Amino acid sequence: MLSTHLQRAAGALTTSRPSFCAGLARVVRPACSPAAVADSHAGLNGATVAGDRPHSNGYSFHTSSPFIFGSPTAEELDVFKREAAGHNARDDHSPAAGFSTSASSSGSSTHSPASTSTPTPEPPKYKYPRVLLKISGEALQGKNQGGIDPLVLNLVAEEIAEAHHAGLELAVVVGGGNFFRGCSAPKGMDRAQADYVGMLATVMNAILLQGALEAMGVETRVQTAIEMREVAEPYIRRRAIRHLEERRVVIFGAGTGNPFFTTDTAAALRAAEMNADVFMKATKVDGVYDCDPMKHSHAKKYDKLSYRQVSLDGLEVMDETAITLCKENNIPVLVFNVMERGNVLRAAQGHSVGTVVEGF
């Protein structure tokens with residue numbers, strides 16, 4: 001049965017492409033004696049003939065009749081190339097060529113499933129695709145005198161989750177002022193020791209925020225500058241960047257791990273280390289004012305400031321160390337009200353939200 005099909009296929013090929021078969025017959029020679037093969041360039045690829053079989057690199061041939069591939073001469077190759085070139089020109093009118101041409105033309109004229117399928121939408125383009133978000137402890141306490149306001153915690157988590165699902169890469173630094181501040185430690189307490197207590201307070205907020213985010217289906221990692229492996233990963237810069245690339249929200253706790261540095265400075269440092277496009281400082285007010293808007297009704301809001309103006313005017317955006325870090329690494333600072341829904345996403349898209357500090 002197989003030989004019958006092969007004979008039919010060979011007959012069809014001979015009928016449709018006689019020139020090709022004639023050229024092929026010159027290159028692939030019929031059976032001949034081993035001596036003739038040896039005289040014609042020593043068999044296959046220059047291999048010597050042993051007995052009545054050609055050299056086969058360790059593989060044996062099991063054929064009923066010997067069929068040996070000979071090496072064509074240069075004249076035979078030239079003839080084959082000329083005939084093949086003429087045959088290709090004639091193939092445009094042959095049945096086989098008509099079949100291939102019609103197949104290709106039908107593929108171009110008809111709509112295949114791939115061409116009719118809707119293209120995948122491109123991810124939205126943001127002005128700031130990678131964000132370092134700083135959340136103060138006071139913002140998390142809401143209207144309480146201290147601790148965590150669950151409603152505020154969920155609101156902040158929803159803002160982060162919305163921005164995360166929209167495609168932003170988010171790293172978060174949390175403060176600890178709702179529990180303890182090193183700078184307001186009891187009289188007589190060592191300042192360095194008080195700052196370490198404040199660092200532990202930031203870890204408490206980080207774990208609480210992680211729990212709220214993961215309850216909303218957002219994969220989150222907490223990294224701390226002070227090792228506490230039982231509750232969080234130690235801070236490793238390359239691992240944190242990898243988490244961001246793997247679409248995880250990274251929360252940094254314990255500040256810089258050193259006393260005498262604020263969490264604003266820690267956030268500026270992490271923004272530089274994470275190659276963040278912007279430092280967003282989430283507060284309870286909608287920007288930077290020339291005086292406290294909670295105490296003075298005539299307070300003037302700034303829409304845009306330079307790093308130099310912040311320093312010269314003594315505006316309480318952040319401490320001097322944090323501002324200097326952002327200035328030296330050319331990281332814009334955006335101060336906005338986190339209590340307004342959608343502000344994180346709108347700010348990342350480049351809309352006018354809060355106050356922007358950039359430029360010299």
# chains A, B, ... in the order shown; residues from 1 in each chain; ligands from 1
>>> residues_around(residues="region 249-252 of chain A", least_positions_apart="2", cutoff="6 Å", atoms="only C-alpha atoms", output="PyMOL selection string")
chain A and resi 170-173+220-224
>>> residues_around(residues="Gly342 (chain A)", least_positions_apart="4", cutoff="10 Å", atoms="only C-alpha atoms", output="list in words")
Glu158, Glu159, Ile160, Glu162, Ala163, Val338, Arg346 and Ala347 of chain A
>>> write_last_selection(atoms="all heavy atoms", output="mmCIF file, in the first residue's frame")
data_model
loop_
_atom_site.group_PDB
_atom_site.id
_atom_site.type_symbol
_atom_site.label_atom_id
_atom_site.label_comp_id
_atom_site.auth_asym_id
_atom_site.auth_seq_id
_atom_site.Cartn_x
_atom_site.Cartn_y
_atom_site.Cartn_z
ATOM 1 N N GLU A 158 -7.237 50.506 49.703
ATOM 2 C CA GLU A 158 -8.003 50.522 48.462
ATOM 3 C C GLU A 158 -7.340 51.408 47.406
ATOM 4 O O GLU A 158 -7.323 51.074 46.213
ATOM 5 C CB GLU A 158 -9.432 51.011 48.735
ATOM 6 C CG GLU A 158 -10.300 49.992 49.460
ATOM 7 C CD GLU A 158 -11.639 50.575 49.888
ATOM 8 O OE1 GLU A 158 -11.879 51.780 49.589
ATOM 9 O OE2 GLU A 158 -12.428 49.847 50.506
ATOM 10 N N GLU A 159 -6.785 52.543 47.833
ATOM 11 C CA GLU A 159 -6.074 53.417 46.902
ATOM 12 C C GLU A 159 -4.872 52.690 46.295
ATOM 13 O O GLU A 159 -4.628 52.750 45.090
ATOM 14 C CB GLU A 159 -5.607 54.677 47.627
ATOM 15 C CG GLU A 159 -6.676 55.719 47.853
ATOM 16 C CD GLU A 159 -7.095 56.382 46.562
ATOM 17 O OE1 GLU A 159 -6.273 57.084 45.941
ATOM 18 O OE2 GLU A 159 -8.245 56.165 46.149
ATOM 19 N N ILE A 160 -4.117 52.020 47.140
ATOM 20 C CA ILE A 160 -2.940 51.292 46.662
ATOM 21 C C ILE A 160 -3.364 50.151 45.756
ATOM 22 O O ILE A 160 -2.758 49.915 44.697
ATOM 23 C CB ILE A 160 -2.114 50.780 47.862
ATOM 24 C CG1 ILE A 160 -1.555 51.966 48.655
ATOM 25 C CG2 ILE A 160 -0.986 49.875 47.387
ATOM 26 C CD1 ILE A 160 -0.877 51.561 49.956
ATOM 27 N N GLU A 162 -6.077 49.863 43.922
ATOM 28 C CA GLU A 162 -6.567 50.394 42.641
ATOM 29 C C GLU A 162 -5.403 50.753 41.726
ATOM 30 O O GLU A 162 -5.400 50.422 40.530
ATOM 31 C CB GLU A 162 -7.444 51.615 42.891
ATOM 32 C CG GLU A 162 -7.986 52.254 41.613
ATOM 33 C CD GLU A 162 -8.681 53.585 41.851
ATOM 34 O OE1 GLU A 162 -8.556 54.120 42.978
ATOM 35 O OE2 GLU A 162 -9.322 54.090 40.925
ATOM 36 N N ALA A 163 -4.408 51.440 42.279
ATOM 37 C CA ALA A 163 -3.240 51.816 41.469
ATOM 38 C C ALA A 163 -2.455 50.585 41.034
ATOM 39 O O ALA A 163 -1.956 50.518 39.902
ATOM 40 C CB ALA A 163 -2.343 52.761 42.265
ATOM 41 N N VAL A 338 -4.192 61.898 50.627
ATOM 42 C CA VAL A 338 -4.489 60.502 50.350
ATOM 43 C C VAL A 338 -5.935 60.144 50.652
ATOM 44 O O VAL A 338 -6.431 59.096 50.239
ATOM 45 C CB VAL A 338 -3.528 59.592 51.158
ATOM 46 C CG1 VAL A 338 -3.892 59.605 52.638
ATOM 47 C CG2 VAL A 338 -3.521 58.167 50.620
ATOM 48 N N ARG A 346 -4.462 59.257 39.655
ATOM 49 C CA ARG A 346 -4.466 60.509 38.881
ATOM 50 C C ARG A 346 -3.099 61.174 38.910
ATOM 51 O O ARG A 346 -2.635 61.713 37.894
ATOM 52 C CB ARG A 346 -5.532 61.461 39.436
ATOM 53 C CG ARG A 346 -6.955 61.078 39.064
ATOM 54 C CD ARG A 346 -7.914 62.259 39.281
ATOM 55 N NE ARG A 346 -7.971 62.651 40.698
ATOM 56 C CZ ARG A 346 -8.822 62.136 41.569
ATOM 57 N NH1 ARG A 346 -9.684 61.207 41.172
ATOM 58 N NH2 ARG A 346 -8.827 62.541 42.820
ATOM 59 N N ALA A 347 -2.447 61.140 40.052
ATOM 60 C CA ALA A 347 -1.116 61.744 40.149
ATOM 61 C C ALA A 347 -0.126 61.005 39.251
ATOM 62 O O ALA A 347 0.710 61.622 38.587
ATOM 63 C CB ALA A 347 -0.635 61.739 41.593
#
>>> residues_around(residues="Pro234 (chain A)", least_positions_apart="2", cutoff="12 Å", atoms="only C-alpha atoms", output="list in words")
Val203, Arg221, Val222, Gln223, Thr224, Ala225, Ile226, Glu227, Met228, Arg229, Glu230, Val231, Ala232, Ile236, Arg237, Arg238, Arg239, Ala240, Val250, Ile251, Phe252, Gly253, Ala254, Thr256 and Gly257 of chain A
>>> select_by_dssp(residues="region 221-287 of chain A", states="strand (DSSP E or B)", output="VMD selection string")
chain A and resid 221 to 224 233 to 234 249 to 253 278 to 283
>>> write_last_selection(atoms="all heavy atoms", output="short mmCIF file (atom, residue, chain, number, x, y, z; two decimals), in the first residue's frame")
data_model
loop_
_atom_site.label_atom_id
_atom_site.label_comp_id
_atom_site.auth_asym_id
_atom_site.auth_seq_id
_atom_site.Cartn_x
_atom_site.Cartn_y
_atom_site.Cartn_z
N ARG A 221 4.82 42.24 49.93
CA ARG A 221 5.99 41.83 50.70
C ARG A 221 6.39 42.97 51.63
O ARG A 221 6.38 44.14 51.23
CB ARG A 221 7.18 41.49 49.80
CG ARG A 221 6.97 40.28 48.90
CD ARG A 221 6.93 38.99 49.70
NE ARG A 221 6.85 37.83 48.83
CZ ARG A 221 5.73 37.30 48.36
NH1 ARG A 221 4.57 37.86 48.67
NH2 ARG A 221 5.75 36.25 47.58
N VAL A 222 6.72 42.63 52.86
CA VAL A 222 7.24 43.61 53.81
C VAL A 222 8.73 43.36 53.98
O VAL A 222 9.15 42.22 54.23
CB VAL A 222 6.52 43.51 55.18
CG1 VAL A 222 7.19 44.43 56.20
CG2 VAL A 222 5.05 43.87 55.04
N GLN A 223 9.52 44.41 53.84
CA GLN A 223 10.96 44.33 54.07
C GLN A 223 11.34 45.36 55.13
O GLN A 223 10.88 46.51 55.08
CB GLN A 223 11.74 44.59 52.78
CG GLN A 223 11.61 43.48 51.76
CD GLN A 223 12.66 43.58 50.67
OE1 GLN A 223 13.40 44.56 50.56
NE2 GLN A 223 12.75 42.55 49.85
N THR A 224 12.15 44.92 56.08
CA THR A 224 12.52 45.80 57.18
C THR A 224 14.03 46.03 57.20
O THR A 224 14.80 45.12 56.88
CB THR A 224 12.09 45.20 58.53
OG1 THR A 224 12.68 43.90 58.69
CG2 THR A 224 10.58 45.06 58.58
N GLU A 233 10.73 40.12 55.54
CA GLU A 233 12.01 39.88 54.89
C GLU A 233 13.00 40.97 55.29
O GLU A 233 12.60 42.11 55.53
CB GLU A 233 11.85 39.94 53.35
CG GLU A 233 10.96 38.88 52.76
CD GLU A 233 10.83 39.03 51.25
OE1 GLU A 233 11.45 39.97 50.69
OE2 GLU A 233 10.11 38.22 50.65
N PRO A 234 14.28 40.64 55.35
CA PRO A 234 15.27 41.72 55.53
C PRO A 234 15.36 42.54 54.25
O PRO A 234 15.13 42.02 53.15
CB PRO A 234 16.57 40.95 55.81
CG PRO A 234 16.37 39.62 55.16
CD PRO A 234 14.90 39.31 55.29
N VAL A 249 3.45 44.52 45.60
CA VAL A 249 3.62 45.76 46.34
C VAL A 249 4.63 45.50 47.46
O VAL A 249 4.52 44.52 48.19
CB VAL A 249 2.29 46.25 46.92
CG1 VAL A 249 2.51 47.45 47.83
CG2 VAL A 249 1.32 46.61 45.81
N VAL A 250 5.64 46.37 47.56
CA VAL A 250 6.67 46.20 48.58
C VAL A 250 6.49 47.30 49.63
O VAL A 250 6.42 48.49 49.28
CB VAL A 250 8.09 46.29 47.96
CG1 VAL A 250 9.15 46.05 49.04
CG2 VAL A 250 8.24 45.27 46.84
N ILE A 251 6.40 46.89 50.89
CA ILE A 251 6.26 47.84 52.00
C ILE A 251 7.54 47.82 52.81
O ILE A 251 7.99 46.75 53.26
CB ILE A 251 5.06 47.48 52.90
CG1 ILE A 251 3.78 47.38 52.07
CG2 ILE A 251 4.89 48.51 54.01
CD1 ILE A 251 2.59 46.89 52.85
N PHE A 252 8.15 48.98 52.98
CA PHE A 252 9.40 49.10 53.73
C PHE A 252 9.10 49.58 55.15
O PHE A 252 8.41 50.59 55.34
CB PHE A 252 10.35 50.07 53.05
CG PHE A 252 10.76 49.65 51.66
CD1 PHE A 252 10.38 50.40 50.55
CD2 PHE A 252 11.50 48.51 51.46
CE1 PHE A 252 10.75 50.03 49.28
CE2 PHE A 252 11.88 48.12 50.18
CZ PHE A 252 11.50 48.87 49.09
N GLY A 253 9.64 48.85 56.12
CA GLY A 253 9.49 49.24 57.52
C GLY A 253 10.82 49.47 58.18
O GLY A 253 11.89 49.19 57.62
N VAL A 278 8.88 58.88 40.96
CA VAL A 278 8.33 59.97 41.75
C VAL A 278 8.28 59.54 43.21
O VAL A 278 8.15 58.35 43.52
CB VAL A 278 6.92 60.35 41.25
CG1 VAL A 278 5.94 59.22 41.47
CG2 VAL A 278 6.42 61.64 41.90
N PHE A 279 8.40 60.51 44.09
CA PHE A 279 8.22 60.32 45.52
C PHE A 279 6.88 60.97 45.87
O PHE A 279 6.75 62.19 45.82
CB PHE A 279 9.38 60.98 46.26
CG PHE A 279 9.31 60.94 47.76
CD1 PHE A 279 10.46 60.99 48.52
CD2 PHE A 279 8.11 60.87 48.45
CE1 PHE A 279 10.43 60.96 49.91
CE2 PHE A 279 8.04 60.85 49.84
CZ PHE A 279 9.21 60.90 50.56
N MET A 280 5.88 60.15 46.17
CA MET A 280 4.58 60.67 46.55
C MET A 280 4.45 60.66 48.07
O MET A 280 4.53 59.59 48.69
CB MET A 280 3.45 59.84 45.94
CG MET A 280 3.31 59.95 44.45
SD MET A 280 1.80 59.12 43.89
CE MET A 280 1.96 59.29 42.11
N LYS A 281 4.23 61.82 48.64
CA LYS A 281 4.04 61.92 50.07
C LYS A 281 2.56 62.10 50.36
O LYS A 281 1.97 63.15 50.07
CB LYS A 281 4.85 63.08 50.66
CG LYS A 281 4.72 63.15 52.17
CD LYS A 281 5.62 64.18 52.80
CE LYS A 281 5.45 64.20 54.31
NZ LYS A 281 6.30 65.18 54.98
N ALA A 282 1.95 61.05 50.93
CA ALA A 282 0.52 61.08 51.23
C ALA A 282 0.30 61.66 52.61
O ALA A 282 0.84 61.17 53.60
CB ALA A 282 -0.05 59.65 51.15
N THR A 283 -0.49 62.73 52.67
CA THR A 283 -0.76 63.41 53.92
C THR A 283 -2.26 63.63 54.09
O THR A 283 -3.06 63.12 53.30
CB THR A 283 -0.04 64.78 53.97
OG1 THR A 283 -0.58 65.63 52.95
CG2 THR A 283 1.46 64.61 53.73
#
>>> atom_distance(atom1="CA of Tyr307 (chain A)", atom2="CA of Asp319 (chain A)")
11.7 Å
>>> select_by_dssp(residues="region 195-277 of chain A", states="helix (DSSP H, G or I)", output="PyMOL selection string")
chain A and resi 195-215+237-245+263-273
>>> closest_residue(among="A:Gly217, A:Pro186, A:Gly176, A:Gly198", to="Ile135 (chain A)", atoms="only C-alpha atoms")
A:Gly176
>>> residues_around(residues="Cys183 (chain A)", least_positions_apart="5", cutoff="8 Å", atoms="only C-alpha atoms", output="list in words")
Arg191, Ala194 and Asp195 of chain A
>>> write_last_selection(atoms="all heavy atoms", output="PDB file, in the first residue's frame")
ATOM      1  N   ARG A 191      18.119  59.410  72.831  1.00  0.00           N
ATOM      2  CA  ARG A 191      17.489  59.677  71.532  1.00  0.00           C
ATOM      3  C   ARG A 191      17.630  58.488  70.578  1.00  0.00           C
ATOM      4  O   ARG A 191      16.673  58.116  69.874  1.00  0.00           O
ATOM      5  CB  ARG A 191      18.100  60.927  70.906  1.00  0.00           C
ATOM      6  CG  ARG A 191      17.684  61.189  69.459  1.00  0.00           C
ATOM      7  CD  ARG A 191      16.192  61.435  69.296  1.00  0.00           C
ATOM      8  NE  ARG A 191      15.778  61.403  67.902  1.00  0.00           N
ATOM      9  CZ  ARG A 191      15.815  62.461  67.098  1.00  0.00           C
ATOM     10  NH1 ARG A 191      16.250  63.627  67.524  1.00  0.00           N
ATOM     11  NH2 ARG A 191      15.399  62.356  65.840  1.00  0.00           N
ATOM     12  N   ALA A 194      15.187  55.878  71.571  1.00  0.00           N
ATOM     13  CA  ALA A 194      13.833  56.300  71.221  1.00  0.00           C
ATOM     14  C   ALA A 194      13.573  56.129  69.728  1.00  0.00           C
ATOM     15  O   ALA A 194      12.469  55.728  69.319  1.00  0.00           O
ATOM     16  CB  ALA A 194      13.629  57.758  71.630  1.00  0.00           C
ATOM     17  N   ASP A 195      14.566  56.413  68.897  1.00  0.00           N
ATOM     18  CA  ASP A 195      14.391  56.235  67.455  1.00  0.00           C
ATOM     19  C   ASP A 195      14.184  54.770  67.093  1.00  0.00           C
ATOM     20  O   ASP A 195      13.415  54.444  66.176  1.00  0.00           O
ATOM     21  CB  ASP A 195      15.601  56.786  66.709  1.00  0.00           C
ATOM     22  CG  ASP A 195      15.558  58.308  66.589  1.00  0.00           C
ATOM     23  OD1 ASP A 195      14.484  58.888  66.841  1.00  0.00           O
ATOM     24  OD2 ASP A 195      16.601  58.905  66.247  1.00  0.00           O
TER      25      ASP A 195
END
>>> atom_distance(atom1="CA of Thr324 (chain A)", atom2="CA of Leu269 (chain A)")
10.3 Å
>>> residues_around(residues="His351 (chain A)", least_positions_apart="2", cutoff="12 Å", atoms="only C-alpha atoms", output="list in words")
Tyr126, Lys127, Tyr128, Asp303, Leu334, Phe336, Gly342, Asn343, Val344, Leu345, Arg346, Ala347, Ala348, Gln349, Val353, Gly354, Thr355 and Val356 of chain A
>>> write_last_selection(atoms="N, CA, C and O atoms", output="PDB file, in the first residue's frame")
ATOM      1  N   TYR A 126       1.867  55.824  31.903  1.00  0.00           N
ATOM      2  CA  TYR A 126       1.826  56.744  33.028  1.00  0.00           C
ATOM      3  C   TYR A 126       3.039  57.667  32.986  1.00  0.00           C
ATOM      4  O   TYR A 126       4.108  57.287  32.498  1.00  0.00           O
ATOM      5  N   LYS A 127       2.845  58.828  33.523  1.00  0.00           N
ATOM      6  CA  LYS A 127       3.975  59.751  33.662  1.00  0.00           C
ATOM      7  C   LYS A 127       4.956  59.203  34.683  1.00  0.00           C
ATOM      8  O   LYS A 127       6.167  59.349  34.534  1.00  0.00           O
ATOM      9  N   TYR A 128       4.422  58.562  35.722  1.00  0.00           N
ATOM     10  CA  TYR A 128       5.259  57.982  36.768  1.00  0.00           C
ATOM     11  C   TYR A 128       4.881  56.499  36.919  1.00  0.00           C
ATOM     12  O   TYR A 128       4.047  56.141  37.745  1.00  0.00           O
ATOM     13  N   ASP A 303       1.161  75.238  43.847  1.00  0.00           N
ATOM     14  CA  ASP A 303       0.950  74.163  42.880  1.00  0.00           C
ATOM     15  C   ASP A 303       2.274  73.532  42.457  1.00  0.00           C
ATOM     16  O   ASP A 303       2.334  72.334  42.174  1.00  0.00           O
ATOM     17  N   LEU A 334       5.835  64.742  45.198  1.00  0.00           N
ATOM     18  CA  LEU A 334       4.434  65.130  45.043  1.00  0.00           C
ATOM     19  C   LEU A 334       3.728  64.980  46.384  1.00  0.00           C
ATOM     20  O   LEU A 334       3.655  63.877  46.934  1.00  0.00           O
ATOM     21  N   PHE A 336       0.249  65.270  48.415  1.00  0.00           N
ATOM     22  CA  PHE A 336      -1.175  65.274  48.097  1.00  0.00           C
ATOM     23  C   PHE A 336      -1.974  64.675  49.251  1.00  0.00           C
ATOM     24  O   PHE A 336      -1.407  64.099  50.192  1.00  0.00           O
ATOM     25  N   GLY A 342      -8.841  58.050  44.407  1.00  0.00           N
ATOM     26  CA  GLY A 342      -8.265  58.107  43.068  1.00  0.00           C
ATOM     27  C   GLY A 342      -7.091  59.029  42.907  1.00  0.00           C
ATOM     28  O   GLY A 342      -6.570  59.172  41.787  1.00  0.00           O
ATOM     29  N   ASN A 343      -6.623  59.656  43.984  1.00  0.00           N
ATOM     30  CA  ASN A 343      -5.535  60.623  43.850  1.00  0.00           C
ATOM     31  C   ASN A 343      -4.217  59.976  43.428  1.00  0.00           C
ATOM     32  O   ASN A 343      -3.442  60.563  42.662  1.00  0.00           O
ATOM     33  N   VAL A 344      -3.939  58.780  43.928  1.00  0.00           N
ATOM     34  CA  VAL A 344      -2.676  58.112  43.581  1.00  0.00           C
ATOM     35  C   VAL A 344      -2.621  57.848  42.082  1.00  0.00           C
ATOM     36  O   VAL A 344      -1.620  58.139  41.405  1.00  0.00           O
ATOM     37  N   LEU A 345      -3.700  57.306  41.546  1.00  0.00           N
ATOM     38  CA  LEU A 345      -3.731  56.983  40.123  1.00  0.00           C
ATOM     39  C   LEU A 345      -3.709  58.246  39.264  1.00  0.00           C
ATOM     40  O   LEU A 345      -2.998  58.315  38.250  1.00  0.00           O
ATOM     41  N   ARG A 346      -4.462  59.257  39.655  1.00  0.00           N
ATOM     42  CA  ARG A 346      -4.466  60.509  38.881  1.00  0.00           C
ATOM     43  C   ARG A 346      -3.099  61.174  38.910  1.00  0.00           C
ATOM     44  O   ARG A 346      -2.635  61.713  37.894  1.00  0.00           O
ATOM     45  N   ALA A 347      -2.447  61.140  40.052  1.00  0.00           N
ATOM     46  CA  ALA A 347      -1.116  61.744  40.149  1.00  0.00           C
ATOM     47  C   ALA A 347      -0.126  61.005  39.251  1.00  0.00           C
ATOM     48  O   ALA A 347       0.710  61.622  38.587  1.00  0.00           O
ATOM     49  N   ALA A 348      -0.205  59.667  39.216  1.00  0.00           N
ATOM     50  CA  ALA A 348       0.700  58.890  38.362  1.00  0.00           C
ATOM     51  C   ALA A 348       0.449  59.163  36.889  1.00  0.00           C
ATOM     52  O   ALA A 348       1.370  59.082  36.065  1.00  0.00           O
ATOM     53  N   GLN A 349      -0.784  59.508  36.536  1.00  0.00           N
ATOM     54  CA  GLN A 349      -1.105  59.824  35.146  1.00  0.00           C
ATOM     55  C   GLN A 349      -0.673  61.230  34.745  1.00  0.00           C
ATOM     56  O   GLN A 349      -0.711  61.571  33.564  1.00  0.00           O
ATOM     57  N   VAL A 353      -2.488  67.205  40.831  1.00  0.00           N
ATOM     58  CA  VAL A 353      -2.912  66.742  42.145  1.00  0.00           C
ATOM     59  C   VAL A 353      -1.888  67.220  43.161  1.00  0.00           C
ATOM     60  O   VAL A 353      -0.699  66.909  43.062  1.00  0.00           O
ATOM     61  N   GLY A 354      -2.323  67.989  44.155  1.00  0.00           N
ATOM     62  CA  GLY A 354      -1.411  68.431  45.207  1.00  0.00           C
ATOM     63  C   GLY A 354      -0.370  69.410  44.716  1.00  0.00           C
ATOM     64  O   GLY A 354      -0.578  70.216  43.798  1.00  0.00           O
ATOM     65  N   THR A 355       0.820  69.303  45.322  1.00  0.00           N
ATOM     66  CA  THR A 355       1.951  70.192  45.008  1.00  0.00           C
ATOM     67  C   THR A 355       3.130  69.366  44.530  1.00  0.00           C
ATOM     68  O   THR A 355       3.491  68.366  45.160  1.00  0.00           O
ATOM     69  N   VAL A 356       3.729  69.808  43.433  1.00  0.00           N
ATOM     70  CA  VAL A 356       4.904  69.120  42.870  1.00  0.00           C
ATOM     71  C   VAL A 356       6.153  69.931  43.200  1.00  0.00           C
ATOM     72  O   VAL A 356       6.203  71.146  42.957  1.00  0.00           O
TER      73      VAL A 356
END
>>> atom_distance(atom1="CA of Leu200 (chain A)", atom2="CA of Arg130 (chain A)")
26.6 Å
